[in-house]
Amino acid sequence: MIPVEEALETVLREAKALPSEEVALDDALSRVLAEDVASDLDLPPFHRSAMDGYALRAEDVAGAPAALEVVGEIRAGQWPDLTIGPGQAARIMTGAPVPPGATAVQQVEKTQPLDEFRVTILAAVAAGANVAPRGSEVRAGDVVLARGRVIDPAATAVLASAGKARVRVARRPIVALLVTGDEIVEVAATPDPGQIRNSNGPAVTAQARLAGADVRVLGVALDRQDAITEALRAGLAADLLVVSGGVSAGDYDLVEPALLELGTTFLFTKVAIKPGAPLVFGRRGETLVFGLPGNPVSAQVTFELFVRPALLRMQGARVVARPRVGVELTDPVKNHSGRKSHVPARVRFEGGRLVARPLRSMGSGDLAAHARANALVVIEADRPRVAAGETAEAVLLGCFLEDDGAPL
Ligand code: AMP
Ligand code: MG
């Protein structure tokens, strides 16, 4: 049994960088950037009006109200061919270039047309007001996004404005997934007595996809070593092989012998974690191999804590771990496992601090409780109980502040 930190270090050490490829910006969402991206332009590219109003010289309206001569109109997309002289103004639209001579824009709500050629500016305006100067946000040549950044919608906007119709990203890791278990039936089936629907296959597939992987499903193998070995052969060319189930100490837990038969070198076969202690990790050639415990929560938690970081590291992501925060527990939790425990919880911001409500869970099979959690409260192995009001660390799993207030 090795500690969680050591297991993660081992995994990250073994996860080697994948080559990169170029994709259309449209296809880059959730991929990891494999190049530093510099802007080819100043942003804004010109002194840009932030308001509909009048471009003017601030000193001309210091004693507002003041009447100015209107010398023209500038729309977004037009290049002004006029200059603002003393006592003059130009009607200007949001996003239009501020003409030479003007030092500010007064918004239209603070003006009053006087006649066809004149406007009354009703309030003074400071020099620079409502004007975004050229290059004030980004200078041409500045790196606007660094390699290792996961491309989210905000990064997509930056890439678009930098002219990156194509972007260099890490190749998607190919994940081969085998589910094992005599009792496992497909999702569409109505299980006979003693049978269980395959929830790990779809769950792990979803987790891997969210981590950027391309998933090849190898199906469901019976608990026979020859069947598992045979099914695994098709996955040995993948970057990462995941096997669900069959890694505990039962008589029909035959994944390790099957992996061994195929030439896997094991780096660890047990981790001091709850849930998920039977987690197996190794390498066969260039392929990383994970044996996840079959219990649905164990499978999802160990994927989250070990497989996801491996996939992100392979893609060169700078951040491979979910955020961790300090939380105050609303209810006591126990941990007599002697292992680092991960308790499903609901974290929310309340009264100026983050509080975590541990969810009632029936254990590592309780996938419904796990689905109500937005965080895992981490209880150290040497902390047998945490009282209500005490603090602990929590791993945030998703949109942790979203809360519909429904009873848990
Ligand atoms: P195992 O790790 O194979 O001993 O399985 C542990 C528990 O997880 C058993 O109760 C299995 O029925 C259950 N289980 C294993 N694989 C799956 C799966 N793919 N989907 C849902 N439950 C599973
Ligand atoms: Mg099994």
# chains A, B, ... in the order shown; residues from 1 in each chain; ligands from 1
call {"tool": "residues_around", "arguments": {"residues": "Thr111 of chain A", "least_positions_apart": "3", "cutoff": "12 Å", "atoms": "only C-alpha atoms", "output": "list in words"}}
result
Asp52, Gly53, Tyr54, Ala55, Leu56, Val61, Ala64, Pro65, Ala66, Ala67, Leu68, Ala89, Arg91, Val105, Gln106, Gln107, Val108, Leu114, Arg118, Val119, Thr120, Ile121, Leu122, Ala123, Ala124 and Val125 of chain A
call {"tool": "closest_atom_pairs", "arguments": {"of": "chain A", "to": "ligand 1", "cutoff": "9 Å", "atoms": "only C-alpha atoms and all ligand atoms", "output": "Markdown table"}}
result
| residue | atom | partner | partner_atom_place_in_ligand_line | distance |
| --- | --- | --- | --- | --- |
| A:Leu178 | CA | ligand 1 | 19 (N) | 8.9 |
| A:Val179 | CA | ligand 1 | 19 (N) | 5.4 |
| A:Thr180 | CA | ligand 1 | 16 (N) | 6.1 |
| A:Gly181 | CA | ligand 1 | 3 (O) | 5.8 |
| A:Asp182 | CA | ligand 1 | 12 (O) | 8.5 |
| A:Glu183 | CA | ligand 1 | 12 (O) | 6.2 |
| A:Ile184 | CA | ligand 1 | 18 (C) | 6.1 |
| A:Val185 | CA | ligand 1 | 19 (N) | 8.4 |
| A:Gly194 | CA | ligand 1 | 12 (O) | 8.9 |
| A:Gln195 | CA | ligand 1 | 12 (O) | 7.7 |
| A:Ile196 | CA | ligand 1 | 12 (O) | 6.0 |
| A:Arg197 | CA | ligand 1 | 21 (C) | 5.8 |
| A:Asn198 | CA | ligand 1 | 20 (N) | 3.7 |
| A:Ser199 | CA | ligand 1 | 20 (N) | 4.0 |
| A:Asn200 | CA | ligand 1 | 19 (N) | 4.1 |
| A:Gly201 | CA | ligand 1 | 19 (N) | 5.5 |
| A:Pro202 | CA | ligand 1 | 19 (N) | 8.4 |
| A:Ala203 | CA | ligand 1 | 20 (N) | 8.7 |
| A:Val220 | CA | ligand 1 | 19 (N) | 8.0 |
| A:Asp223 | CA | ligand 1 | 3 (O) | 8.5 |
| A:Ser244 | CA | ligand 1 | 16 (N) | 6.0 |
| A:Gly245 | CA | ligand 1 | 3 (O) | 3.5 |
| A:Gly246 | CA | ligand 1 | 3 (O) | 3.9 |
| A:Val247 | CA | ligand 1 | 2 (O) | 5.6 |
| A:Ser248 | CA | ligand 1 | 4 (O) | 5.4 |
| A:Ala249 | CA | ligand 1 | 4 (O) | 7.8 |
| A:Gly250 | CA | ligand 1 | 4 (O) | 6.7 |
| A:Tyr252 | CA | ligand 1 | 4 (O) | 8.0 |
| A:Asp253 | CA | ligand 1 | 3 (O) | 6.4 |
| A:Pro278 | CA | ligand 1 | 2 (O) | 8.1 |
| A:Leu292 | CA | ligand 1 | 2 (O) | 7.4 |
| A:Pro293 | CA | ligand 1 | 2 (O) | 4.3 |
| A:Gly294 | CA | ligand 1 | 2 (O) | 3.3 |
| A:Asn295 | CA | ligand 1 | 8 (O) | 3.4 |
| A:Pro296 | CA | ligand 1 | 22 (N) | 5.4 |
| A:Val297 | CA | ligand 1 | 8 (O) | 8.8 |
| A:Ser298 | CA | ligand 1 | 8 (O) | 8.5 |
| A:Ala299 | CA | ligand 1 | 8 (O) | 8.6 |
| A:Ser364 | CA | ligand 1 | 8 (O) | 8.4 |
| A:Gly365 | CA | ligand 1 | 8 (O) | 6.6 |
call {"tool": "write_last_selection", "arguments": {"atoms": "C-alpha atoms", "output": "PDB file, in the first residue's frame"}}
result
ATOM      1  CA  LEU A 178     -12.258  -2.764 -20.876  1.00  0.00           C
ATOM      2  CA  VAL A 179     -14.988  -3.550 -18.377  1.00  0.00           C
ATOM      3  CA  THR A 180     -14.863  -6.887 -16.567  1.00  0.00           C
ATOM      4  CA  GLY A 181     -17.393  -8.867 -14.590  1.00  0.00           C
ATOM      5  CA  ASP A 182     -19.607 -11.926 -15.079  1.00  0.00           C
ATOM      6  CA  GLU A 183     -22.477  -9.962 -13.580  1.00  0.00           C
ATOM      7  CA  ILE A 184     -22.225  -6.954 -15.901  1.00  0.00           C
ATOM      8  CA  VAL A 185     -24.889  -6.443 -18.588  1.00  0.00           C
ATOM      9  CA  GLY A 194     -27.763 -11.142  -9.754  1.00  0.00           C
ATOM     10  CA  GLN A 195     -26.831  -8.993 -12.711  1.00  0.00           C
ATOM     11  CA  ILE A 196     -25.738  -5.325 -12.697  1.00  0.00           C
ATOM     12  CA  ARG A 197     -25.880  -2.755 -15.494  1.00  0.00           C
ATOM     13  CA  ASN A 198     -22.543  -1.514 -16.767  1.00  0.00           C
ATOM     14  CA  SER A 199     -22.303   1.964 -15.288  1.00  0.00           C
ATOM     15  CA  ASN A 200     -18.503   2.147 -15.133  1.00  0.00           C
ATOM     16  CA  GLY A 201     -18.070   1.848 -18.900  1.00  0.00           C
ATOM     17  CA  PRO A 202     -20.138   4.936 -19.695  1.00  0.00           C
ATOM     18  CA  ALA A 203     -18.912   6.842 -16.614  1.00  0.00           C
ATOM     19  CA  VAL A 220     -17.237  -6.325 -21.380  1.00  0.00           C
ATOM     20  CA  ASP A 223     -14.132 -13.060 -15.278  1.00  0.00           C
ATOM     21  CA  SER A 244     -12.660  -1.682 -14.694  1.00  0.00           C
ATOM     22  CA  GLY A 245     -13.188  -4.319 -12.022  1.00  0.00           C
ATOM     23  CA  GLY A 246     -11.397  -7.515 -11.201  1.00  0.00           C
ATOM     24  CA  VAL A 247      -8.553  -5.970  -9.214  1.00  0.00           C
ATOM     25  CA  SER A 248      -9.670  -6.769  -5.662  1.00  0.00           C
ATOM     26  CA  ALA A 249      -8.688  -9.883  -3.776  1.00  0.00           C
ATOM     27  CA  GLY A 250     -11.573 -12.123  -4.868  1.00  0.00           C
ATOM     28  CA  TYR A 252     -12.332 -14.130  -9.836  1.00  0.00           C
ATOM     29  CA  ASP A 253     -10.269 -10.969  -9.829  1.00  0.00           C
ATOM     30  CA  PRO A 278      -7.187  -1.878  -5.014  1.00  0.00           C
ATOM     31  CA  LEU A 292      -9.692   0.564 -11.490  1.00  0.00           C
ATOM     32  CA  PRO A 293     -11.738  -1.073  -8.745  1.00  0.00           C
ATOM     33  CA  GLY A 294     -15.178  -2.070 -10.010  1.00  0.00           C
ATOM     34  CA  ASN A 295     -17.175  -0.292  -7.336  1.00  0.00           C
ATOM     35  CA  PRO A 296     -18.707   2.642  -9.206  1.00  0.00           C
ATOM     36  CA  VAL A 297     -17.622   5.347  -6.768  1.00  0.00           C
ATOM     37  CA  SER A 298     -14.149   3.836  -6.400  1.00  0.00           C
ATOM     38  CA  ALA A 299     -13.790   3.769 -10.174  1.00  0.00           C
ATOM     39  CA  SER A 364     -18.266   2.904  -2.627  1.00  0.00           C
ATOM     40  CA  GLY A 365     -21.196   1.404  -4.521  1.00  0.00           C
TER      41      GLY A 365
END
call {"tool": "atom_distance", "arguments": {"atom1": "atom CA of Val98 of chain A", "atom2": "atom CA of Leu145 of chain A"}}
result
28.5 Å
call {"tool": "closest_residue", "arguments": {"among": "A:Val167, A:Leu241, A:Leu305, A:Ala369", "to": "Ala24 of chain A", "atoms": "only C-alpha atoms"}}
result
A:Val167
call {"tool": "residues_around", "arguments": {"residues": "Ser39 of chain A", "least_positions_apart": "3", "cutoff": "7 Å", "atoms": "only C-alpha atoms", "output": "list in words"}}
result
Ala140, Gly141, Asp142, Val143, Val144 and Ala162 of chain A
call {"tool": "closest_residue", "arguments": {"among": "A:Arg31, A:Arg233, A:Arg283, A:Lys340", "to": "Pro173 of chain A", "atoms": "only C-alpha atoms"}}
result
A:Arg31
call {"tool": "atom_distance", "arguments": {"atom1": "atom CA of Thr330 of chain A", "atom2": "atom CA of Gly351 of chain A"}}
result
12.7 Å
call {"tool": "closest_residue", "arguments": {"among": "A:Ala381, A:Leu222, A:Phe349, A:Ala127", "to": "ligand 2", "atoms": "only C-alpha atoms and all ligand atoms"}}
result
A:Leu222
call {"tool": "select_by_dssp", "arguments": {"residues": "segment 200-300 of chain A", "states": "helix (DSSP H, G or I)", "output": "PyMOL selection string"}}
result
chain A and resi 200-210+225-233+255-261+296-300
call {"tool": "write_last_selection", "arguments": {"atoms": "C-alpha atoms", "output": "PDB file, in the first residue's frame"}}
result
ATOM      1  CA  ASN A 200     -18.503   2.147 -15.133  1.00  0.00           C
ATOM      2  CA  GLY A 201     -18.070   1.848 -18.900  1.00  0.00           C
ATOM      3  CA  PRO A 202     -20.138   4.936 -19.695  1.00  0.00           C
ATOM      4  CA  ALA A 203     -18.912   6.842 -16.614  1.00  0.00           C
ATOM      5  CA  VAL A 204     -15.228   6.279 -17.289  1.00  0.00           C
ATOM      6  CA  THR A 205     -15.760   7.021 -20.985  1.00  0.00           C
ATOM      7  CA  ALA A 206     -17.355  10.323 -20.026  1.00  0.00           C
ATOM      8  CA  GLN A 207     -14.558  11.184 -17.590  1.00  0.00           C
ATOM      9  CA  ALA A 208     -11.895  10.358 -20.170  1.00  0.00           C
ATOM     10  CA  ARG A 209     -13.630  12.430 -22.836  1.00  0.00           C
ATOM     11  CA  LEU A 210     -13.850  15.418 -20.530  1.00  0.00           C
ATOM     12  CA  GLN A 225      -8.200 -14.848 -17.480  1.00  0.00           C
ATOM     13  CA  ASP A 226      -8.179 -15.957 -21.115  1.00  0.00           C
ATOM     14  CA  ALA A 227     -11.209 -13.792 -21.926  1.00  0.00           C
ATOM     15  CA  ILE A 228      -9.644 -10.733 -20.268  1.00  0.00           C
ATOM     16  CA  THR A 229      -6.246 -11.282 -21.919  1.00  0.00           C
ATOM     17  CA  GLU A 230      -7.877 -11.705 -25.303  1.00  0.00           C
ATOM     18  CA  ALA A 231      -9.994  -8.563 -24.960  1.00  0.00           C
ATOM     19  CA  LEU A 232      -7.037  -6.513 -23.708  1.00  0.00           C
ATOM     20  CA  ARG A 233      -4.924  -7.304 -26.764  1.00  0.00           C
ATOM     21  CA  VAL A 255      -7.082  -8.569 -14.241  1.00  0.00           C
ATOM     22  CA  GLU A 256      -3.577  -8.529 -12.719  1.00  0.00           C
ATOM     23  CA  PRO A 257      -2.653 -12.012 -13.962  1.00  0.00           C
ATOM     24  CA  ALA A 258      -4.031 -11.098 -17.405  1.00  0.00           C
ATOM     25  CA  LEU A 259      -2.025  -7.875 -17.516  1.00  0.00           C
ATOM     26  CA  LEU A 260       1.049  -9.718 -16.331  1.00  0.00           C
ATOM     27  CA  GLU A 261       0.580 -12.310 -19.063  1.00  0.00           C
ATOM     28  CA  PRO A 296     -18.707   2.642  -9.206  1.00  0.00           C
ATOM     29  CA  VAL A 297     -17.622   5.347  -6.768  1.00  0.00           C
ATOM     30  CA  SER A 298     -14.149   3.836  -6.400  1.00  0.00           C
ATOM     31  CA  ALA A 299     -13.790   3.769 -10.174  1.00  0.00           C
ATOM     32  CA  GLN A 300     -14.857   7.397 -10.592  1.00  0.00           C
TER      33      GLN A 300
END
call {"tool": "select_by_dssp", "arguments": {"residues": "segment 144-368 of chain A", "states": "strand (DSSP E or B)", "output": "count of residues only"}}
result
75
call {"tool": "atom_distance", "arguments": {"atom1": "atom CA of His370 of chain A", "atom2": "atom CA of Val187 of chain A"}}
result
19.1 Å
call {"tool": "closest_residue", "arguments": {"among": "A:Val378, A:Ala157, A:Val71, A:Met1", "to": "His342 of chain A", "atoms": "only C-alpha atoms"}}
result
A:Val378
call {"tool": "closest_residue", "arguments": {"among": "A:Gly389, A:Pro99, A:Gly291, A:Pro45", "to": "ligand 2", "atoms": "only C-alpha atoms and all ligand atoms"}}
result
A:Gly291
call {"tool": "closest_residue", "arguments": {"among": "A:Arg147, A:Arg224, A:Arg360, A:Arg324", "to": "ligand 2", "atoms": "only C-alpha atoms and all ligand atoms"}}
result
A:Arg224
call {"tool": "residues_around", "arguments": {"residues": "Ala50 of chain A", "least_positions_apart": "2", "cutoff": "7 Å", "atoms": "only C-alpha atoms", "output": "ChimeraX atom specification"}}
result
/A:48,94-95,130-132
call {"tool": "write_last_selection", "arguments": {"atoms": "all heavy atoms", "output": "PDB file, in the first residue's frame"}}
result
ATOM      1  N   ARG A  48     -10.379  53.214 -29.524  1.00  0.00           N
ATOM      2  CA  ARG A  48     -11.741  52.747 -29.777  1.00  0.00           C
ATOM      3  C   ARG A  48     -12.727  53.411 -28.825  1.00  0.00           C
ATOM      4  O   ARG A  48     -12.481  53.480 -27.612  1.00  0.00           O
ATOM      5  CB  ARG A  48     -11.780  51.227 -29.572  1.00  0.00           C
ATOM      6  CG  ARG A  48     -13.124  50.561 -29.817  1.00  0.00           C
ATOM      7  CD  ARG A  48     -13.047  49.093 -29.460  1.00  0.00           C
ATOM      8  NE  ARG A  48     -12.775  48.925 -28.044  1.00  0.00           N
ATOM      9  CZ  ARG A  48     -12.240  47.837 -27.496  1.00  0.00           C
ATOM     10  NH1 ARG A  48     -11.888  46.811 -28.260  1.00  0.00           N
ATOM     11  NH2 ARG A  48     -12.042  47.762 -26.197  1.00  0.00           N
ATOM     12  N   THR A  94     -20.219  53.191 -30.721  1.00  0.00           N
ATOM     13  CA  THR A  94     -19.413  52.217 -29.974  1.00  0.00           C
ATOM     14  C   THR A  94     -18.590  51.375 -30.955  1.00  0.00           C
ATOM     15  O   THR A  94     -19.128  50.875 -31.935  1.00  0.00           O
ATOM     16  CB  THR A  94     -20.337  51.288 -29.156  1.00  0.00           C
ATOM     17  OG1 THR A  94     -21.122  52.092 -28.294  1.00  0.00           O
ATOM     18  CG2 THR A  94     -19.542  50.280 -28.343  1.00  0.00           C
ATOM     19  N   GLY A  95     -17.298  51.245 -30.659  1.00  0.00           N
ATOM     20  CA  GLY A  95     -16.434  50.416 -31.496  1.00  0.00           C
ATOM     21  C   GLY A  95     -15.813  51.162 -32.651  1.00  0.00           C
ATOM     22  O   GLY A  95     -15.012  50.590 -33.396  1.00  0.00           O
ATOM     23  N   ASN A 130     -14.092  57.053 -21.771  1.00  0.00           N
ATOM     24  CA  ASN A 130     -14.824  56.290 -22.799  1.00  0.00           C
ATOM     25  C   ASN A 130     -14.019  56.035 -24.072  1.00  0.00           C
ATOM     26  O   ASN A 130     -14.585  55.785 -25.134  1.00  0.00           O
ATOM     27  CB  ASN A 130     -16.151  56.979 -23.143  1.00  0.00           C
ATOM     28  CG  ASN A 130     -17.033  57.125 -21.915  1.00  0.00           C
ATOM     29  OD1 ASN A 130     -17.085  56.213 -21.084  1.00  0.00           O
ATOM     30  ND2 ASN A 130     -17.688  58.271 -21.782  1.00  0.00           N
ATOM     31  N   VAL A 131     -12.685  56.079 -23.911  1.00  0.00           N
ATOM     32  CA  VAL A 131     -11.807  55.739 -25.037  1.00  0.00           C
ATOM     33  C   VAL A 131     -10.867  54.636 -24.565  1.00  0.00           C
ATOM     34  O   VAL A 131     -10.228  54.771 -23.523  1.00  0.00           O
ATOM     35  CB  VAL A 131     -10.960  56.948 -25.494  1.00  0.00           C
ATOM     36  CG1 VAL A 131     -10.040  56.544 -26.657  1.00  0.00           C
ATOM     37  CG2 VAL A 131     -11.860  58.114 -25.898  1.00  0.00           C
ATOM     38  N   ALA A 132     -10.837  53.523 -25.326  1.00  0.00           N
ATOM     39  CA  ALA A 132      -9.860  52.464 -25.031  1.00  0.00           C
ATOM     40  C   ALA A 132      -8.682  52.699 -25.969  1.00  0.00           C
ATOM     41  O   ALA A 132      -8.800  52.488 -27.178  1.00  0.00           O
ATOM     42  CB  ALA A 132     -10.484  51.093 -25.274  1.00  0.00           C
TER      43      ALA A 132
END
call {"tool": "residues_around", "arguments": {"residues": "Ala160 of chain A", "least_positions_apart": "5", "cutoff": "12 Å", "atoms": "only C-alpha atoms", "output": "PyMOL selection string"}}
result
chain A and resi 24-26+28+37-41+144-145+151+153-155+165-167
call {"tool": "residues_around", "arguments": {"residues": "Leu311 of chain A", "least_positions_apart": "5", "cutoff": "12 Å", "atoms": "only C-alpha atoms", "output": "number ranges by chain"}}
result
A: 11-12, 14-18, 31-32, 170-175, 207-215, 239-242, 287-290, 303-306, 316-321
